[in-house]
Amino acid sequence: MKRLFAVALGILTAIGGFLDIGDLVTNAVVGSRFGLSLAWVVVVGVVGICLFAQMSGRVAAVSGRATFEIIRERLGPRAAGANLAASFAVNLLTLTAEVGGIALALQLASSVEPRLWIPVAAFAVWLVIWRTKFSVMENVTGLVGLTLVVFAVAVFLLGPDWGELAQQALRPAAPASEGPAVYWYYAIALFGAAMTPYEVFFFSSGAREERWTRRDLAQSRANVLVGFPLGGILSVAIAACAAIVFLPRGVEVSSLSQIVLPVALAGGKLALALVIVGIVAATFGAALETALSSGYTLAQYLGWPWGKFRRPARAARFHLTMIVALLVAVAVLMTSVDPIAVTEFSVVFSAVALPLTYLPILVVANDPEYMGDAVNGRVTNALALVYLVVILAASLAAIPLMIATGAGS
Amino acid sequence: MILGDLLDAHVRDDQGRRLGYVVDVRLVLDRPASGLLAVPRVHGLLVSPRTSSSFLGYERRDVRAPALLARWLRRRHRGTFLVLWPDVERLGDDEVVLRTGYRRWSPVLDA
């Protein structure tokens, strides 16, 4: 019974924790411009993140090493250092977007200027990291984030033309108003939103925080393989909401108030309140994960003591890194940069940086010296190679497409 | 000097001909431990003719999955050889010079 409860809790947390500001913004923008014609990318991204999270969780549990410890061991200090610089920068960009997302959601609830909320949000993130137990932190934000299910409910309440939605999803093509370059640019953005590197830093370091062993692998696999696809369905629901309300009117989503508008139209004040609670929880949870990831990556590369299982005084540099990362995020946001724009860049750069962590994990997941008999099977490797090609293609195409399309405008 | 200084260094023979780059240093643990730590001894250097990038562990005979990745890395590092430490004449600035009549050993590592 206790075990069943643990599995259910893990799955629910994985669903609620799947969505972050990147998923919210990118899916809504894509839904308003392309309808469901990019829904297939969410499927590709979800299968990818299941594969990647499952591999890195297994590596962490069996070898007892987290992502950046492995990258440094396998690539050597110099190549791993370059890898760290790129991964850290992208993670910092994501952290900035998430903190901005919390502030925007709180603005929706309170009508108070986001720049007043930004320091409060960052302080709250730091306080939770400093004080709260790892498992409590993860479960609370994940479970509260489940209120985002209202997006799926809203799709039904809006009473859409199901045939039209199905046609968009099943016959994917760029609408006449959008060129193919923009279509593929947003395909990469959506892929980067579903497969963000910080999820893997957090997942593998979290496995160490919770002291996983081989025995926990079955449960972690269930969490990932059930939780993430259900989270992916919520992503598609966000896109569907935007497609139903904005696509026919030719309105392009560019603010958080537009992202929640379909929910308010469908379900009124109560649904709006729920969705705002959900967005605060989802962005707050992701801000915790990205802030922790900045500490994890740097500390693991440099061999510093890390982890929330240590008291802060025993992992001082790890905690200092997170404080500095949060301060940088606040400083960037206080320039009045639009957090939605930061988010759009962060998901694309996530796609650019993805091979840097994917390749070392794939190599080590096949290394019997680390993994013993828990190395990748044939099926996993076949799928992993297909994804290696997809991830490399997305990474290489992202920046040229960004320049060619003027970042999708 | 630390071990990291050797990695990526150019390798030349005694005539000054370029042979490649040091991509790995092979250590053996065959001496009694001092305290808790084993004392490693440098057995030799892995020299790759074309690239100074890592072999990623695919020089080991029993590591061959995923097959395409293994094949690509082995192709990139074809011609890689092991020189034993006594065959190293001197270490210069970012450069390793080998002794006359140095011997090339197979880089493959058996489990």
# chains A, B, ... in the order shown; residues from 1 in each chain; ligands from 1
$ interface_residues --of "chain B" --to "chain A" --cutoff "7 Å" --atoms "only C-alpha atoms" --output "PyMOL selection string"
chain B and resi 54+56+63+65-66
$ residues_around --residues "Glu210 (chain A)" --least-positions-apart "5" --cutoff "10 Å" --atoms "only C-alpha atoms" --output "list in words"
Ala61, Phe134, Ser135, Ser205, Asp216, Gly307, Lys308 and Phe309 of chain A
$ residues_around --residues "Arg311 (chain A)" --least-positions-apart "5" --cutoff "12 Å" --atoms "only C-alpha atoms" --output "PyMOL selection string"
chain A and resi 129-133+305-306+316-319
$ atom_distance --atom1 "CA of Val46 (chain A)" --atom2 "CA of Ala240 (chain A)"
17.0 Å
$ closest_residue --among "B:Gly79, B:Gly4, B:Gly57, B:Gly92" --to "Arg104 (chain B)" --atoms "only C-alpha atoms"
B:Gly79
$ residues_around --residues "Arg60 (chain B)" --least-positions-apart "4" --cutoff "6 Å" --atoms "only C-alpha atoms" --output "list of chain:residue names"
B:Val108, B:Leu109, B:Asp110
$ atom_distance --atom1 "CA of Leu146 (chain A)" --atom2 "CA of Pro119 (chain A)"
25.7 Å
$ residues_around --residues "Phe228 (chain A)" --least-positions-apart "4" --cutoff "10 Å" --atoms "only C-alpha atoms" --output "PDB file with N, CA and C atoms, in the first residue's frame"
ATOM      1  N   ILE A  11       4.124   9.755  -9.813  1.00  0.00           N
ATOM      2  CA  ILE A  11       3.534  10.023 -11.130  1.00  0.00           C
ATOM      3  C   ILE A  11       2.859  11.391 -11.143  1.00  0.00           C
ATOM      4  N   LEU A  12       2.086  11.674 -10.084  1.00  0.00           N
ATOM      5  CA  LEU A  12       1.395  12.962 -10.025  1.00  0.00           C
ATOM      6  C   LEU A  12       2.406  14.109 -10.017  1.00  0.00           C
ATOM      7  N   THR A  13       3.498  13.928  -9.254  1.00  0.00           N
ATOM      8  CA  THR A  13       4.524  14.966  -9.206  1.00  0.00           C
ATOM      9  C   THR A  13       5.158  15.158 -10.576  1.00  0.00           C
ATOM     10  N   ALA A  14       5.365  14.043 -11.286  1.00  0.00           N
ATOM     11  CA  ALA A  14       5.985  14.131 -12.609  1.00  0.00           C
ATOM     12  C   ALA A  14       5.076  14.880 -13.585  1.00  0.00           C
ATOM     13  N   ILE A  15       3.753  14.665 -13.475  1.00  0.00           N
ATOM     14  CA  ILE A  15       2.829  15.377 -14.371  1.00  0.00           C
ATOM     15  C   ILE A  15       2.888  16.877 -14.064  1.00  0.00           C
ATOM     16  N   GLY A  16       2.697  17.195 -12.774  1.00  0.00           N
ATOM     17  CA  GLY A  16       2.683  18.601 -12.394  1.00  0.00           C
ATOM     18  C   GLY A  16       4.026  19.273 -12.633  1.00  0.00           C
ATOM     19  N   GLY A  17       5.107  18.505 -12.446  1.00  0.00           N
ATOM     20  CA  GLY A  17       6.434  19.076 -12.602  1.00  0.00           C
ATOM     21  C   GLY A  17       6.902  19.145 -14.041  1.00  0.00           C
ATOM     22  N   PHE A  18       6.166  18.526 -14.946  1.00  0.00           N
ATOM     23  CA  PHE A  18       6.610  18.493 -16.342  1.00  0.00           C
ATOM     24  C   PHE A  18       6.553  19.883 -16.977  1.00  0.00           C
ATOM     25  N   LEU A  19       5.498  20.625 -16.622  1.00  0.00           N
ATOM     26  CA  LEU A  19       5.285  21.918 -17.277  1.00  0.00           C
ATOM     27  C   LEU A  19       6.091  23.012 -16.586  1.00  0.00           C
ATOM     28  N   VAL A  46       8.432  14.452 -25.894  1.00  0.00           N
ATOM     29  CA  VAL A  46       8.100  13.684 -24.689  1.00  0.00           C
ATOM     30  C   VAL A  46       8.779  12.310 -24.720  1.00  0.00           C
ATOM     31  N   VAL A  47       8.766  11.656 -25.875  1.00  0.00           N
ATOM     32  CA  VAL A  47       9.459  10.368 -25.968  1.00  0.00           C
ATOM     33  C   VAL A  47      10.949  10.585 -25.680  1.00  0.00           C
ATOM     34  N   ILE A  49      12.410  12.990 -23.848  1.00  0.00           N
ATOM     35  CA  ILE A  49      12.738  13.290 -22.452  1.00  0.00           C
ATOM     36  C   ILE A  49      12.533  12.044 -21.584  1.00  0.00           C
ATOM     37  N   CYS A  50      11.573  11.187 -21.954  1.00  0.00           N
ATOM     38  CA  CYS A  50      11.415   9.915 -21.230  1.00  0.00           C
ATOM     39  C   CYS A  50      12.685   9.080 -21.353  1.00  0.00           C
ATOM     40  N   ALA A  53      15.656  10.979 -19.498  1.00  0.00           N
ATOM     41  CA  ALA A  53      15.532  10.986 -18.039  1.00  0.00           C
ATOM     42  C   ALA A  53      15.722   9.578 -17.491  1.00  0.00           C
ATOM     43  N   ALA A 194      10.246  20.889 -24.430  1.00  0.00           N
ATOM     44  CA  ALA A 194       9.932  19.580 -23.848  1.00  0.00           C
ATOM     45  C   ALA A 194      11.197  18.913 -23.314  1.00  0.00           C
ATOM     46  N   ALA A 222       8.499   4.096 -13.798  1.00  0.00           N
ATOM     47  CA  ALA A 222       7.046   4.296 -13.840  1.00  0.00           C
ATOM     48  C   ALA A 222       6.711   5.790 -13.785  1.00  0.00           C
ATOM     49  N   ASN A 223       7.392   6.509 -12.874  1.00  0.00           N
ATOM     50  CA  ASN A 223       7.139   7.958 -12.775  1.00  0.00           C
ATOM     51  C   ASN A 223       7.347   8.642 -14.110  1.00  0.00           C
ATOM     52  N   VAL A 224       8.471   8.311 -14.751  1.00  0.00           N
ATOM     53  CA  VAL A 224       8.824   8.981 -15.999  1.00  0.00           C
ATOM     54  C   VAL A 224       7.891   8.555 -17.125  1.00  0.00           C
ATOM     55  N   GLY A 232       2.807  15.802 -21.146  1.00  0.00           N
ATOM     56  CA  GLY A 232       2.806  16.165 -22.565  1.00  0.00           C
ATOM     57  C   GLY A 232       1.402  16.425 -23.086  1.00  0.00           C
ATOM     58  N   ILE A 233       0.432  15.653 -22.577  1.00  0.00           N
ATOM     59  CA  ILE A 233      -0.965  15.873 -22.990  1.00  0.00           C
ATOM     60  C   ILE A 233      -1.416  17.264 -22.543  1.00  0.00           C
ATOM     61  N   LEU A 234      -0.988  17.662 -21.338  1.00  0.00           N
ATOM     62  CA  LEU A 234      -1.317  19.022 -20.881  1.00  0.00           C
ATOM     63  C   LEU A 234      -0.695  20.069 -21.802  1.00  0.00           C
TER      64      LEU A 234
END
$ closest_residue --among "A:Val120, A:Leu92, A:Ala28, A:Val332" --to "Gly295 (chain A)" --atoms "only C-alpha atoms"
A:Leu92
$ decode --residues "region 22-88 of chain A" --atoms "C-alpha atoms" --output "PDB file, in the first residue's frame"
ATOM      1  CA  GLY A  22       8.915  27.284 -21.467  1.00  0.00           C
ATOM      2  CA  ASP A  23       6.121  24.774 -22.123  1.00  0.00           C
ATOM      3  CA  LEU A  24       3.393  27.268 -21.240  1.00  0.00           C
ATOM      4  CA  VAL A  25       4.659  30.056 -23.476  1.00  0.00           C
ATOM      5  CA  THR A  26       5.871  28.000 -26.415  1.00  0.00           C
ATOM      6  CA  ASN A  27       2.766  25.834 -26.641  1.00  0.00           C
ATOM      7  CA  ALA A  28       0.454  28.842 -26.431  1.00  0.00           C
ATOM      8  CA  VAL A  29       2.419  30.828 -29.027  1.00  0.00           C
ATOM      9  CA  VAL A  30       2.581  27.832 -31.343  1.00  0.00           C
ATOM     10  CA  GLY A  31      -1.128  27.074 -30.837  1.00  0.00           C
ATOM     11  CA  SER A  32      -2.114  30.633 -31.729  1.00  0.00           C
ATOM     12  CA  ARG A  33       0.002  30.671 -34.896  1.00  0.00           C
ATOM     13  CA  PHE A  34       0.080  27.079 -36.124  1.00  0.00           C
ATOM     14  CA  GLY A  35      -2.907  25.450 -34.451  1.00  0.00           C
ATOM     15  CA  LEU A  36      -2.133  21.843 -33.595  1.00  0.00           C
ATOM     16  CA  SER A  37       0.053  21.356 -36.660  1.00  0.00           C
ATOM     17  CA  LEU A  38       3.137  21.146 -34.405  1.00  0.00           C
ATOM     18  CA  ALA A  39       1.565  18.778 -31.852  1.00  0.00           C
ATOM     19  CA  TRP A  40       3.734  15.974 -33.279  1.00  0.00           C
ATOM     20  CA  VAL A  41       6.806  17.789 -31.932  1.00  0.00           C
ATOM     21  CA  VAL A  42       5.442  17.497 -28.395  1.00  0.00           C
ATOM     22  CA  VAL A  43       5.165  13.737 -28.951  1.00  0.00           C
ATOM     23  CA  VAL A  44       8.754  13.577 -30.242  1.00  0.00           C
ATOM     24  CA  GLY A  45       9.931  15.722 -27.303  1.00  0.00           C
ATOM     25  CA  VAL A  46       8.100  13.684 -24.689  1.00  0.00           C
ATOM     26  CA  VAL A  47       9.459  10.368 -25.968  1.00  0.00           C
ATOM     27  CA  GLY A  48      12.914  11.992 -26.008  1.00  0.00           C
ATOM     28  CA  ILE A  49      12.738  13.290 -22.452  1.00  0.00           C
ATOM     29  CA  CYS A  50      11.415   9.915 -21.230  1.00  0.00           C
ATOM     30  CA  LEU A  51      14.385   8.192 -22.849  1.00  0.00           C
ATOM     31  CA  PHE A  52      16.895  10.752 -21.600  1.00  0.00           C
ATOM     32  CA  ALA A  53      15.532  10.986 -18.039  1.00  0.00           C
ATOM     33  CA  GLN A  54      15.302   7.227 -17.764  1.00  0.00           C
ATOM     34  CA  MET A  55      18.922   6.829 -18.936  1.00  0.00           C
ATOM     35  CA  SER A  56      20.329   9.537 -16.669  1.00  0.00           C
ATOM     36  CA  GLY A  57      18.316   8.287 -13.685  1.00  0.00           C
ATOM     37  CA  ARG A  58      19.662   4.773 -14.231  1.00  0.00           C
ATOM     38  CA  VAL A  59      23.228   6.062 -14.590  1.00  0.00           C
ATOM     39  CA  ALA A  60      22.863   8.080 -11.379  1.00  0.00           C
ATOM     40  CA  ALA A  61      21.339   5.199  -9.427  1.00  0.00           C
ATOM     41  CA  VAL A  62      23.752   2.485 -10.611  1.00  0.00           C
ATOM     42  CA  SER A  63      27.048   4.369 -10.915  1.00  0.00           C
ATOM     43  CA  GLY A  64      26.345   6.824  -8.093  1.00  0.00           C
ATOM     44  CA  ARG A  65      27.511   9.726 -10.255  1.00  0.00           C
ATOM     45  CA  ALA A  66      25.491  12.720 -11.372  1.00  0.00           C
ATOM     46  CA  THR A  67      25.592  14.261 -14.848  1.00  0.00           C
ATOM     47  CA  PHE A  68      28.463  16.710 -14.564  1.00  0.00           C
ATOM     48  CA  GLU A  69      30.683  14.343 -12.590  1.00  0.00           C
ATOM     49  CA  ILE A  70      30.336  11.974 -15.526  1.00  0.00           C
ATOM     50  CA  ILE A  71      30.892  14.646 -18.150  1.00  0.00           C
ATOM     51  CA  ARG A  72      34.128  15.688 -16.496  1.00  0.00           C
ATOM     52  CA  GLU A  73      35.307  12.091 -16.092  1.00  0.00           C
ATOM     53  CA  ARG A  74      34.552  11.157 -19.679  1.00  0.00           C
ATOM     54  CA  LEU A  75      35.420  14.339 -21.592  1.00  0.00           C
ATOM     55  CA  GLY A  76      38.361  15.512 -19.490  1.00  0.00           C
ATOM     56  CA  PRO A  77      38.655  18.912 -17.824  1.00  0.00           C
ATOM     57  CA  ARG A  78      38.984  21.102 -20.921  1.00  0.00           C
ATOM     58  CA  ALA A  79      36.134  19.817 -23.112  1.00  0.00           C
ATOM     59  CA  ALA A  80      33.969  19.408 -20.016  1.00  0.00           C
ATOM     60  CA  GLY A  81      34.758  22.995 -19.016  1.00  0.00           C
ATOM     61  CA  ALA A  82      33.520  24.324 -22.356  1.00  0.00           C
ATOM     62  CA  ASN A  83      30.476  22.099 -21.959  1.00  0.00           C
ATOM     63  CA  LEU A  84      29.884  23.491 -18.470  1.00  0.00           C
ATOM     64  CA  ALA A  85      30.143  27.104 -19.642  1.00  0.00           C
ATOM     65  CA  ALA A  86      27.488  26.548 -22.324  1.00  0.00           C
ATOM     66  CA  SER A  87      25.187  24.441 -20.130  1.00  0.00           C
ATOM     67  CA  PHE A  88      25.470  26.852 -17.217  1.00  0.00           C
TER      68      PHE A  88
END
